[in-house]
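K.L.:
Next comes input_32.csv, CSV, C-alpha atoms and all ligand atoms:
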```
chain,number,residue,atom,x,y,z
A,26,MET,CA,-18.6,1.9,-23.7
A,27,SER,CA,-19.3,-1.0,-21.4
A,28,ILE,CA,-20.0,-0.6,-17.7
A,29,PHE,CA,-16.6,-2.2,-17.2
A,30,ASP,CA,-14.9,0.6,-19.1
A,31,ASP,CA,-17.0,3.3,-17.4
A,32,PHE,CA,-16.1,1.8,-14.0
A,33,ARG,CA,-12.4,2.0,-14.8
A,34,LYS,CA,-12.8,5.6,-16.0
A,35,ALA,CA,-14.9,6.5,-13.0
A,36,MET,CA,-12.4,5.0,-10.5
A,37,GLY,CA,-9.6,6.8,-12.4
A,38,GLN,CA,-11.1,10.1,-11.1
A,39,PHE,CA,-10.5,9.1,-7.5
A,40,ALA,CA,-7.2,10.1,-6.1
A,41,GLY,CA,-5.8,7.3,-3.9
A,42,ALA,CA,-2.9,7.5,-1.5
A,43,VAL,CA,-0.1,5.2,-2.8
A,44,THR,CA,1.1,2.6,-0.4
A,45,ALA,CA,3.5,-0.3,-0.5
A,46,ILE,CA,2.0,-3.4,1.3
A,47,THR,CA,4.8,-5.6,2.5
A,48,THR,CA,5.4,-8.9,4.2
A,49,THR,CA,8.0,-11.6,4.2
A,50,ASP,CA,8.1,-15.1,2.7
A,51,GLY,CA,10.6,-16.9,5.0
A,52,ASP,CA,13.5,-14.4,4.9
A,53,GLN,CA,12.5,-12.8,1.6
A,54,PRO,CA,10.6,-9.5,1.4
A,55,VAL,CA,7.5,-9.5,-0.8
A,56,GLY,CA,5.0,-6.7,-1.6
A,57,LEU,CA,2.7,-4.8,-3.9
A,58,ILE,CA,1.7,-1.2,-4.6
A,59,ALA,CA,-1.9,-0.6,-3.4
A,60,THR,CA,-4.3,2.3,-3.3
A,61,ALA,CA,-7.2,0.3,-2.0
A,62,VAL,CA,-6.5,1.0,1.7
A,63,CYS,CA,-9.0,2.5,4.1
A,64,SER,CA,-9.4,3.2,7.7
A,65,LEU,CA,-11.8,0.8,9.5
A,66,SER,CA,-12.1,1.6,13.2
A,67,ALA,CA,-10.1,3.4,16.0
A,68,GLU,CA,-10.8,0.8,18.7
A,69,PRO,CA,-9.1,-1.4,17.9
A,70,PRO,CA,-7.0,0.7,15.4
A,71,SER,CA,-7.7,-1.2,12.2
A,72,ILE,CA,-7.6,-0.8,8.4
A,73,LEU,CA,-8.9,-2.5,5.3
A,74,VAL,CA,-6.6,-3.5,2.4
A,75,CYS,CA,-8.0,-5.0,-0.8
A,76,VAL,CA,-5.5,-7.3,-2.4
A,77,ASN,CA,-5.9,-9.1,-5.7
A,78,ARG,CA,-6.0,-12.9,-5.3
A,79,SER,CA,-3.6,-13.1,-8.3
A,80,ALA,CA,-1.0,-10.9,-6.7
A,81,SER,CA,2.2,-12.7,-5.7
A,82,ALA,CA,2.0,-11.3,-2.2
A,83,HIS,CA,-1.7,-12.3,-1.6
A,84,ASP,CA,-1.2,-15.9,-0.3
A,85,VAL,CA,2.0,-14.9,1.5
A,86,ILE,CA,0.1,-12.3,3.6
A,87,ILE,CA,-2.6,-14.8,4.4
A,88,ARG,CA,0.0,-17.4,5.4
A,89,ASN,CA,2.1,-15.0,7.4
A,90,GLY,CA,-0.8,-13.3,9.2
A,91,THR,CA,1.1,-10.0,9.3
A,92,PHE,CA,1.9,-7.2,6.9
A,93,ALA,CA,2.9,-3.5,6.8
A,94,VAL,CA,1.2,-0.6,5.1
A,95,ASN,CA,3.8,2.1,4.0
A,96,LEU,CA,2.4,5.4,2.8
A,97,LEU,CA,4.8,6.8,0.2
A,98,HIS,CA,6.4,10.2,0.4
A,99,PRO,CA,6.7,12.3,-2.8
A,100,SER,CA,10.4,11.6,-2.7
A,101,GLN,CA,9.8,7.9,-3.0
A,102,CYS,CA,8.5,7.5,-6.6
A,103,GLU,CA,11.3,4.9,-7.1
A,104,VAL,CA,9.4,2.5,-4.8
A,105,VAL,CA,6.5,2.5,-7.3
A,106,GLU,CA,8.8,2.1,-10.2
A,107,SER,CA,10.7,-0.9,-8.6
A,108,PHE,CA,7.5,-2.6,-7.4
A,109,THR,CA,5.8,-2.3,-10.7
A,110,LYS,CA,8.8,-3.1,-13.0
A,111,LEU,CA,10.6,-5.8,-10.9
A,112,LYS,CA,9.6,-9.1,-9.3
A,113,GLY,CA,10.1,-10.6,-5.9
A,114,PRO,CA,12.8,-9.4,-3.5
A,115,GLU,CA,14.4,-7.2,-6.2
A,116,ARG,CA,11.5,-4.8,-5.6
A,117,PHE,CA,13.1,-3.8,-2.3
A,118,ASN,CA,16.6,-3.0,-3.6
A,119,SER,CA,16.1,0.7,-4.7
A,120,SER,CA,15.2,1.9,-1.2
A,121,SER,CA,16.0,1.5,2.4
A,122,TRP,CA,13.8,-0.8,4.6
A,123,CYS,CA,13.8,-1.7,8.2
A,124,TYR,CA,13.3,-5.4,9.0
A,125,GLU,CA,13.3,-5.1,12.8
A,126,SER,CA,9.6,-5.8,13.3
A,127,GLY,CA,9.6,-8.9,11.1
A,128,VAL,CA,7.9,-7.2,8.1
A,129,PRO,CA,9.6,-4.6,5.8
A,130,MET,CA,8.9,-1.1,6.9
A,131,LEU,CA,10.0,1.7,4.6
A,132,ASP,CA,12.5,4.2,6.0
A,133,LYS,CA,11.3,7.8,5.6
A,134,ALA,CA,7.7,6.7,4.5
A,135,CYS,CA,5.1,9.3,5.6
A,136,VAL,CA,3.8,6.6,7.9
A,137,SER,CA,4.3,2.8,8.2
A,138,MET,CA,1.9,0.6,10.1
A,139,ARG,CA,2.5,-3.0,11.0
A,140,CYS,CA,-0.7,-5.0,11.1
A,141,GLU,CA,-1.9,-8.4,12.2
A,142,LEU,CA,-4.3,-9.9,9.7
A,143,LYS,CA,-7.6,-10.4,11.6
A,144,GLU,CA,-9.7,-11.7,8.6
A,145,ALA,CA,-9.6,-12.0,4.8
A,146,MET,CA,-13.1,-11.7,3.3
A,147,ASP,CA,-14.3,-12.4,-0.2
A,148,GLY,CA,-14.2,-9.4,-2.5
A,149,PHE,CA,-14.7,-11.0,-5.9
A,150,SER,CA,-11.3,-10.8,-7.6
A,151,HIS,CA,-9.8,-9.4,-4.4
A,152,SER,CA,-9.5,-10.3,-0.7
A,153,ILE,CA,-10.7,-7.6,1.7
A,154,MET,CA,-8.1,-7.9,4.4
A,155,VAL,CA,-8.7,-6.6,7.9
A,156,GLY,CA,-5.5,-5.5,9.6
A,157,VAL,CA,-5.3,-4.7,13.3
A,158,ILE,CA,-2.5,-2.1,13.8
A,159,LYS,CA,0.2,-3.1,16.2
A,160,GLU,CA,2.9,-0.5,15.5
A,161,ILE,CA,3.0,2.9,13.8
A,162,ARG,CA,6.1,4.8,12.7
A,163,PHE,CA,6.0,8.3,11.4
A,164,ARG,CA,8.5,10.0,9.1
A,165,GLU,CA,10.9,11.9,11.3
A,166,VAL,CA,11.2,14.9,9.0
A,167,ASP,CA,7.7,16.1,9.1
A,168,ASP,CA,7.5,17.8,5.6
A,169,GLU,CA,4.1,17.9,3.9
A,170,GLY,CA,2.7,15.8,1.1
A,171,CYS,CA,2.2,12.2,0.1
A,172,LEU,CA,2.1,10.3,-3.2
A,173,LEU,CA,-1.3,10.0,-4.9
A,174,TRP,CA,-2.4,8.0,-7.9
A,175,ARG,CA,-5.1,9.5,-10.1
A,176,GLY,CA,-5.9,8.7,-13.7
A,177,LYS,CA,-2.8,7.0,-15.0
A,178,GLY,CA,-0.1,8.8,-13.0
A,179,LEU,CA,1.4,9.9,-9.8
A,180,HIS,CA,0.6,13.1,-8.1
A,181,CYS,CA,1.7,14.9,-5.0
A,182,ALA,CA,-0.8,15.8,-2.3
A,183,VAL,CA,0.0,19.3,-0.8
A,184,PRO,CA,-2.3,21.5,1.2
A,185,MET,CA,-4.4,24.2,-0.6
A,186,ALA,CA,-3.0,27.3,1.1
A,187,GLU,CA,-6.3,29.2,1.1
A,188,LEU,CA,-8.7,26.5,2.1
A,189,ALA,CA,-6.7,24.2,4.4
A,190,ARG,CA,-5.6,26.7,6.9
B,1,LIG,C1,-1.0,2.9,-8.4
B,1,LIG,C2,-1.3,1.4,-8.2
B,1,LIG,C3,-2.3,1.0,-7.3
B,1,LIG,C4,-2.6,-0.3,-7.2
B,1,LIG,N1,-3.5,-0.7,-6.2
B,1,LIG,C5,-3.7,-2.0,-6.0
B,1,LIG,C6,-4.6,-2.4,-4.9
B,1,LIG,O1,-5.2,-1.6,-4.2
B,1,LIG,N2,-4.7,-3.7,-4.7
B,1,LIG,C7,-4.1,-4.7,-5.5
B,1,LIG,O2,-4.3,-5.9,-5.3
B,1,LIG,N3,-3.3,-4.3,-6.5
B,1,LIG,C8,-3.1,-3.0,-6.8
B,1,LIG,N4,-2.2,-2.6,-7.8
B,1,LIG,C9,-1.5,-3.7,-8.6
B,1,LIG,C10,-0.4,-4.3,-7.8
B,1,LIG,O3,0.5,-3.4,-7.3
B,1,LIG,C11,0.4,-5.3,-8.6
B,1,LIG,O4,0.9,-4.7,-9.7
B,1,LIG,C12,-0.3,-6.6,-9.0
B,1,LIG,O5,-0.9,-7.1,-7.9
B,1,LIG,C13,0.7,-7.7,-9.6
B,1,LIG,O6,1.6,-8.0,-8.6
B,1,LIG,P1,2.6,-9.3,-8.7
B,1,LIG,O7,3.5,-8.9,-9.9
B,1,LIG,O8,3.3,-9.3,-7.4
B,1,LIG,O9,1.8,-10.5,-8.9
B,1,LIG,C14,-1.9,-1.3,-7.9
B,1,LIG,C15,-0.9,-0.9,-8.8
B,1,LIG,C16,-0.6,0.5,-9.0
B,1,LIG,C17,0.4,0.9,-10.0
```
Show me the file's structure as structure tokens.
P.N.:
Amino acid sequence: MSIFDDFRKAMGQFAGAVTAITTTDGDQPVGLIATAVCSLSAEPPSILVCVNRSASAHDVIIRNGTFAVNLLHPSQCEVVESFTKLKGPERFNSSSWCYESGVPMLDKACVSMRCELKEAMDGFSHSIMVGVIKEIRFREVDDEGCLLWRGKGLHCAVPMAELAR
């Protein structure tokens, strides 16, 4: 096994919250599924998103200077399916999106955050994008859980009754 294979295997052990990162190219929605999303600071509220330079949305996000991070609810597996199986704006057809803020925000996501791109730093194959959060929308029905990716598949995060309460 090479360090490359070991790295993939090691990172497969990490559970990552599944998000759809979205923006628009003119009037067309574009986006990708991403788990490399991390809180940065509270003041200003900001996050990091690592986007592969080869992703179709990469240059669009940089050009646009704005994007949304949509944390998927367990009822939204179809978003992962559409984003991974389809290309371009077709990725957005299977679910309901709000375009009011200029970037696609997913209806009924656990949370959607609209960000302004502050900086895009070199991260080898990826750009480390710093987003300053301008708007946050929460799912109105406050039921528990979010979608996680671990190993090669989707999981549902739910509280451990004994430990979490
Ligand atoms: C569960 C999951 C997590 C992913 N996480 C990331 C990520 O954090 N960053 C990233 O650039 N691509 C990530 N990808 C890959 C992208 O979603 C996408 O497939 C790839 O960038 C190709 O996009 P394109 O067809 O628009 O060029 C992930 C894919 C899956 C299925």
K.L.:
If you count only C-alpha atoms, which residues fall within 8 Å of Gly176 of chain A, apart from same-chain ones fewer than 6 positions away, as a list of chain:residue names?
P.N.:
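Once the nearby chain positions are removed, what remains is A:Lys34, A:Gly37, A:Gln38, A:Phe39, A:Ala40.
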K.L.:
So how many Å separate atom CA of Leu142 of chain A and atom CA of Asn118 of chain A, to one decimal?
P.N.:
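Rounded to one decimal, the two atoms are 25.7 Å apart.
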K.L.:
Could you give me the residues within 9 Å of ligand LIG 1 (chain B), counting all atoms listed in the file, as a count of residues only?
P.N.:
41
K.L.:
Separation of atom CA of Glu125 of chain A and atom CA of Ala182 of chain A, in Å?
P.N.:
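Atom-to-atom, atom CA of Glu125 of chain A to atom CA of Ala182 of chain A, that is 29.4 Å.
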K.L.:
Could you check how far atom CA of Cys135 of chain A sits from atom CA of Glu115 of chain A, in Å to one decimal?
P.N.:
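The value is 22.3 Å.
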K.L.:
Kindly indicate which residue among A:Val155, A:Val183, A:Glu165, A:Val104 lies nearest to Ser64 of chain A, using all atoms listed in the file for the distances.
P.N.:
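Looking at the shortest contact to Ser64 of chain A, the residue is A:Val155.
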K.L.:
The residues within 9 Å of (-2.4, -15.7, 10.0), using all atoms listed in the file and the coordinates of the file, should be reported as a PDB file with C-alpha atoms, keeping the file's coordinate frame; which are they?
P.N.:
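Result file is result13.pdb:
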```
ATOM      1  CA  ILE A  86       0.100 -12.300   3.600  1.00  0.00           C
ATOM      2  CA  ILE A  87      -2.600 -14.800   4.400  1.00  0.00           C
ATOM      3  CA  ARG A  88       0.000 -17.400   5.400  1.00  0.00           C
ATOM      4  CA  ASN A  89       2.100 -15.000   7.400  1.00  0.00           C
ATOM      5  CA  GLY A  90      -0.800 -13.300   9.200  1.00  0.00           C
ATOM      6  CA  THR A  91       1.100 -10.000   9.300  1.00  0.00           C
ATOM      7  CA  GLU A 141      -1.900  -8.400  12.200  1.00  0.00           C
ATOM      8  CA  LEU A 142      -4.300  -9.900   9.700  1.00  0.00           C
ATOM      9  CA  LYS A 143      -7.600 -10.400  11.600  1.00  0.00           C
ATOM     10  CA  GLU A 144      -9.700 -11.700   8.600  1.00  0.00           C
TER      11      GLU A 144
END
```
K.L.:
Quick one: residues within 6 Å of Thr48 of chain A, only C-alpha atoms counted, chain neighbours fewer than 2 positions away excluded, as a list in words?
P.N.:
Pro54, Val55, Phe92 and Val128 of chain A
K.L.:
Measuring atom to atom with only C-alpha atoms, identify which of A:Ala134, A:Asn95, A:Pro70, A:Asp50 is nearest to Gly170 of chain A.
P.N.:
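So, comparing all the options, the nearest one is A:Ala134.
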K.L.:
Tell me which of A:Ser121, A:Ser137, A:Ser71, A:Ser66 sits closest to Leu96 of chain A, counting only C-alpha atoms.
P.N.:
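Smallest separation from Leu96 of chain A among the options: A:Ser137.
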K.L.:
Using all atoms listed in the file, list the residues that have an atom at most 6 Å from (0.2, -2.3, 11.9), coordinates as in the file, as a list in words.
P.N.:
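Checking each residue against the 6 Å limit leaves Ala93, Met138, Arg139, Cys140, Ile158, Lys159 and Glu160 of chain A.
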K.L.:
Taking all atoms listed in the file into account, name the residue in A:Cys102, A:Val157, A:Met146, A:Leu131 that is nearest to His180 of chain A.
P.N.:
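Distance minimum relative to His180 of chain A lands on A:Cys102.
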